[in-house]
Structures are given as structure tokens and as C-alpha cells.
Amino acid sequence: MAFDHKKETKITNIVVSSSLEHDVPLEKMAATLPNTEYNPEQFPGLVLRIDKPVSTALIFSSGKIVSTGTTSLEDVKRSIARLIEIVESIGIKIPVRDPAFEVVNMVAKGNIGIDLNLNQLALQLENTEYEPEQFPGLVFRLPDESDRKGATFLLFRNGKIVCTGTKDEAQVERSIEKLLVILKGINKK
């Protein structure tokens, strides 16, 4: 395979968890701020949509947050900083300026540059799910990495892939390299 998958791979979503280290009055936020959704009977957190950078934050009354929708760690930091500005704009003092965060999931899209026979892959690979009448892609779970859960791929006939379940760009790269080794092994059979 003569292509550079690194040029073809792009991070499309980073999910992080963090804490504002302060209780947050969700009802006040919902009543005061635009771009919020809060229905505690259905979900205990408030949904806040942030415009720059484009992201969505789930905020819980304990101050715990989950941020999603960013595509770089710099945007994660900017999104959390913007969230703090928004919360402070309604009179709630947040004690942390730059809270630590943990990447929960990093999603990447790419193209491995070869057409895939998904029927063949479903038969030859373990840890797959393929029901083409319900979804056109094959779900393939890589075997676990040492102490981390392995990545999960959506594979499509045209060589496009989605990689999820990773925690950093290095793990994305390792997972794609591992996938390519597995696919090359099947093509040799």
C-alpha cells in the first residue's frame, strides 16, 4: 500500500471530562443563558452549546463537566475557558482558571487507500459486527492494548474508516498501523 494514511487521518471529535471545582446552579443557568437545555426529569445535567470553539458541554450541579465536539486539545482548553466565562457571566465565581481534563474518547476519520471486501473481513476477522441491511459499515474491535481498551473501527467498502475508543493521537496512529497490518495479513491469505 503506497499511501500516507497520516495525511488522510483527521481528528473529528474529542470528548473530555473535567471539573469546575464548584457547585453550579443549573436552574439559574437554564433560566439565564441562551443555548442551554435542562430537563432534570430526563437527564441530571445541563447541555450548553458553545459557539467558539464549536462544542457542547454537559454540566452537572457538582461542577463536573463533559465537553465534546472539539477537534484539538487547544480547542478543548479554549472551550473550557469559554465555559468558565459563560458561567461567571451570571455571577458564579469559578475558582479554577485552567482546570485539568482527561480525554475520555478521541474520534478520527480517515481513508486507508484501498477498497475493502466487508463480507470477507466479517468472515476472517474476530470481533466484528456486520449487518449490511442495517448499516453499510463493518464494526471491528481491535484486540485490547496492554492496559487500555483497544480501538474500535468502522470500516467501509471504499476504504474510509472511523476510529474511536482512543485517548490520544499516538494511540490513533498505533491503532491504524495495527489495523493495516491485520488487513495486509488477510490480503496475503
# chains A, B, ... in the order shown; residues from 1 in each chain; ligands from 1
>>> closest_atom_pairs(of="region 92-128 of chain A", to="region 5-24 of chain A", cutoff="7 Å", atoms="only C-alpha atoms", output="Markdown table")
| residue | atom | partner | partner_atom | distance |
| --- | --- | --- | --- | --- |
| A:Ile94 | CA | A:His22 | CA | 6.3 |
| A:Pro95 | CA | A:Glu21 | CA | 6.9 |
| A:Val96 | CA | A:Leu20 | CA | 6.5 |
| A:Pro99 | CA | A:Ser19 | CA | 6.7 |
| A:Ala100 | CA | A:Ser18 | CA | 6.3 |
| A:Phe101 | CA | A:Ser18 | CA | 4.5 |
| A:Glu102 | CA | A:Val16 | CA | 5.3 |
| A:Val103 | CA | A:Val16 | CA | 4.3 |
| A:Val104 | CA | A:Val16 | CA | 5.1 |
| A:Asn105 | CA | A:Val15 | CA | 5.1 |
| A:Met106 | CA | A:Ile14 | CA | 4.6 |
| A:Val107 | CA | A:Asn13 | CA | 5.1 |
| A:Ala108 | CA | A:Ile11 | CA | 4.2 |
| A:Lys109 | CA | A:Lys10 | CA | 5.4 |
| A:Gly110 | CA | A:Thr9 | CA | 4.1 |
| A:Asn111 | CA | A:Glu8 | CA | 5.6 |
| A:Ile112 | CA | A:His5 | CA | 5.8 |
>>> write_last_selection(atoms="N, CA and C atoms", output="PDB file, in the first residue's frame")
ATOM      1  N   ILE A  94     -15.898  30.946  39.602  1.00  0.00           N
ATOM      2  CA  ILE A  94     -15.266  29.634  39.449  1.00  0.00           C
ATOM      3  C   ILE A  94     -13.820  29.753  39.931  1.00  0.00           C
ATOM      4  N   PRO A  95     -13.410  28.896  40.877  1.00  0.00           N
ATOM      5  CA  PRO A  95     -12.080  29.048  41.479  1.00  0.00           C
ATOM      6  C   PRO A  95     -10.907  28.631  40.588  1.00  0.00           C
ATOM      7  N   VAL A  96     -11.160  27.814  39.567  1.00  0.00           N
ATOM      8  CA  VAL A  96     -10.060  27.353  38.709  1.00  0.00           C
ATOM      9  C   VAL A  96     -10.077  28.120  37.393  1.00  0.00           C
ATOM     10  N   PRO A  99      -8.693  24.366  34.444  1.00  0.00           N
ATOM     11  CA  PRO A  99      -8.848  23.060  35.090  1.00  0.00           C
ATOM     12  C   PRO A  99      -8.243  21.922  34.273  1.00  0.00           C
ATOM     13  N   ALA A 100      -7.722  20.951  34.985  1.00  0.00           N
ATOM     14  CA  ALA A 100      -7.206  19.752  34.330  1.00  0.00           C
ATOM     15  C   ALA A 100      -8.376  19.019  33.682  1.00  0.00           C
ATOM     16  N   PHE A 101      -8.082  18.300  32.622  1.00  0.00           N
ATOM     17  CA  PHE A 101      -9.115  17.498  31.975  1.00  0.00           C
ATOM     18  C   PHE A 101      -8.521  16.162  31.564  1.00  0.00           C
ATOM     19  N   GLU A 102      -9.399  15.201  31.392  1.00  0.00           N
ATOM     20  CA  GLU A 102      -8.995  13.862  30.959  1.00  0.00           C
ATOM     21  C   GLU A 102      -9.700  13.545  29.654  1.00  0.00           C
ATOM     22  N   VAL A 103      -8.941  13.125  28.663  1.00  0.00           N
ATOM     23  CA  VAL A 103      -9.546  12.713  27.396  1.00  0.00           C
ATOM     24  C   VAL A 103     -10.233  11.368  27.628  1.00  0.00           C
ATOM     25  N   VAL A 104     -11.512  11.326  27.334  1.00  0.00           N
ATOM     26  CA  VAL A 104     -12.311  10.116  27.500  1.00  0.00           C
ATOM     27  C   VAL A 104     -12.348   9.332  26.190  1.00  0.00           C
ATOM     28  N   ASN A 105     -12.406  10.075  25.064  1.00  0.00           N
ATOM     29  CA  ASN A 105     -12.502   9.429  23.765  1.00  0.00           C
ATOM     30  C   ASN A 105     -12.016  10.403  22.693  1.00  0.00           C
ATOM     31  N   MET A 106     -11.263   9.870  21.756  1.00  0.00           N
ATOM     32  CA  MET A 106     -10.821  10.659  20.614  1.00  0.00           C
ATOM     33  C   MET A 106     -11.278   9.909  19.375  1.00  0.00           C
ATOM     34  N   VAL A 107     -11.969  10.618  18.484  1.00  0.00           N
ATOM     35  CA  VAL A 107     -12.502  10.005  17.272  1.00  0.00           C
ATOM     36  C   VAL A 107     -11.756  10.577  16.071  1.00  0.00           C
ATOM     37  N   ALA A 108     -11.360   9.693  15.162  1.00  0.00           N
ATOM     38  CA  ALA A 108     -10.668  10.120  13.947  1.00  0.00           C
ATOM     39  C   ALA A 108     -11.339   9.492  12.735  1.00  0.00           C
ATOM     40  N   LYS A 109     -11.308  10.229  11.639  1.00  0.00           N
ATOM     41  CA  LYS A 109     -11.782   9.716  10.350  1.00  0.00           C
ATOM     42  C   LYS A 109     -10.599   9.671   9.413  1.00  0.00           C
ATOM     43  N   GLY A 110     -10.669   8.761   8.471  1.00  0.00           N
ATOM     44  CA  GLY A 110      -9.579   8.692   7.507  1.00  0.00           C
ATOM     45  C   GLY A 110      -9.920   7.814   6.332  1.00  0.00           C
ATOM     46  N   ASN A 111      -8.902   7.557   5.539  1.00  0.00           N
ATOM     47  CA  ASN A 111      -9.040   6.703   4.377  1.00  0.00           C
ATOM     48  C   ASN A 111      -7.756   5.890   4.278  1.00  0.00           C
ATOM     49  N   ILE A 112      -7.894   4.570   4.248  1.00  0.00           N
ATOM     50  CA  ILE A 112      -6.701   3.729   4.194  1.00  0.00           C
ATOM     51  C   ILE A 112      -6.256   3.453   2.758  1.00  0.00           C
TER      52      ILE A 112
END
>>> residues_around(residues="region 124-140 of chain A", least_positions_apart="6", cutoff="7 Å", atoms="only C-alpha atoms", output="count of residues only")
6
>>> residues_around(residues="Glu27 (chain A)", least_positions_apart="5", cutoff="12 Å", atoms="only C-alpha atoms", output="PyMOL selection string")
chain A and resi 32-33+36-40+44-47+59-61+90
>>> write_last_selection(atoms="N, CA and C atoms", output="PDB file, in the first residue's frame")
ATOM      1  N   THR A  32     -31.219  31.735  32.617  1.00  0.00           N
ATOM      2  CA  THR A  32     -30.497  32.962  32.284  1.00  0.00           C
ATOM      3  C   THR A  32     -29.772  32.913  30.949  1.00  0.00           C
ATOM      4  N   LEU A  33     -29.227  31.773  30.612  1.00  0.00           N
ATOM      5  CA  LEU A  33     -28.339  31.683  29.449  1.00  0.00           C
ATOM      6  C   LEU A  33     -29.042  31.141  28.205  1.00  0.00           C
ATOM      7  N   THR A  36     -28.995  26.698  26.020  1.00  0.00           N
ATOM      8  CA  THR A  36     -28.964  25.664  27.051  1.00  0.00           C
ATOM      9  C   THR A  36     -30.214  24.795  26.956  1.00  0.00           C
ATOM     10  N   GLU A  37     -30.075  23.583  27.428  1.00  0.00           N
ATOM     11  CA  GLU A  37     -31.207  22.667  27.581  1.00  0.00           C
ATOM     12  C   GLU A  37     -31.065  22.036  28.951  1.00  0.00           C
ATOM     13  N   TYR A  38     -32.175  22.045  29.687  1.00  0.00           N
ATOM     14  CA  TYR A  38     -32.126  21.441  31.020  1.00  0.00           C
ATOM     15  C   TYR A  38     -33.482  20.833  31.320  1.00  0.00           C
ATOM     16  N   ASN A  39     -33.507  19.528  31.457  1.00  0.00           N
ATOM     17  CA  ASN A  39     -34.720  18.803  31.799  1.00  0.00           C
ATOM     18  C   ASN A  39     -34.325  17.729  32.815  1.00  0.00           C
ATOM     19  N   PRO A  40     -34.268  18.108  34.115  1.00  0.00           N
ATOM     20  CA  PRO A  40     -33.738  17.185  35.133  1.00  0.00           C
ATOM     21  C   PRO A  40     -34.537  15.890  35.297  1.00  0.00           C
ATOM     22  N   PRO A  44     -29.810  14.491  34.403  1.00  0.00           N
ATOM     23  CA  PRO A  44     -29.442  15.367  35.526  1.00  0.00           C
ATOM     24  C   PRO A  44     -28.504  16.522  35.179  1.00  0.00           C
ATOM     25  N   GLY A  45     -28.056  16.604  33.944  1.00  0.00           N
ATOM     26  CA  GLY A  45     -27.125  17.666  33.578  1.00  0.00           C
ATOM     27  C   GLY A  45     -27.739  18.688  32.649  1.00  0.00           C
ATOM     28  N   LEU A  46     -27.078  19.823  32.555  1.00  0.00           N
ATOM     29  CA  LEU A  46     -27.478  20.894  31.653  1.00  0.00           C
ATOM     30  C   LEU A  46     -26.608  20.799  30.401  1.00  0.00           C
ATOM     31  N   VAL A  47     -27.217  20.981  29.244  1.00  0.00           N
ATOM     32  CA  VAL A  47     -26.498  20.980  27.979  1.00  0.00           C
ATOM     33  C   VAL A  47     -26.280  22.438  27.594  1.00  0.00           C
ATOM     34  N   ILE A  59     -23.012  19.897  31.860  1.00  0.00           N
ATOM     35  CA  ILE A  59     -22.602  20.440  33.150  1.00  0.00           C
ATOM     36  C   ILE A  59     -23.516  19.846  34.218  1.00  0.00           C
ATOM     37  N   PHE A  60     -22.904  19.367  35.283  1.00  0.00           N
ATOM     38  CA  PHE A  60     -23.663  18.790  36.387  1.00  0.00           C
ATOM     39  C   PHE A  60     -23.588  19.721  37.589  1.00  0.00           C
ATOM     40  N   SER A  61     -24.553  19.627  38.475  1.00  0.00           N
ATOM     41  CA  SER A  61     -24.629  20.558  39.607  1.00  0.00           C
ATOM     42  C   SER A  61     -23.381  20.501  40.485  1.00  0.00           C
ATOM     43  N   ILE A  90     -22.917  35.035  34.798  1.00  0.00           N
ATOM     44  CA  ILE A  90     -24.169  35.111  35.567  1.00  0.00           C
ATOM     45  C   ILE A  90     -23.893  35.148  37.068  1.00  0.00           C
TER      46      ILE A  90
END
>>> atom_distance(atom1="CA of Gly159 (chain A)", atom2="CA of Leu73 (chain A)")
27.2 Å
>>> atom_distance(atom1="CA of Ala30 (chain A)", atom2="CA of Leu83 (chain A)")
13.8 Å
>>> select_by_dssp(residues="region 46-92 of chain A", states="strand (DSSP E or B)", output="PyMOL selection string")
chain A and resi 46-50+55-59+64-70
>>> residues_around(residues="Ile114 (chain A)", least_positions_apart="6", cutoff="9 Å", atoms="only C-alpha atoms", output="PyMOL selection string")
chain A and resi 1+157-160
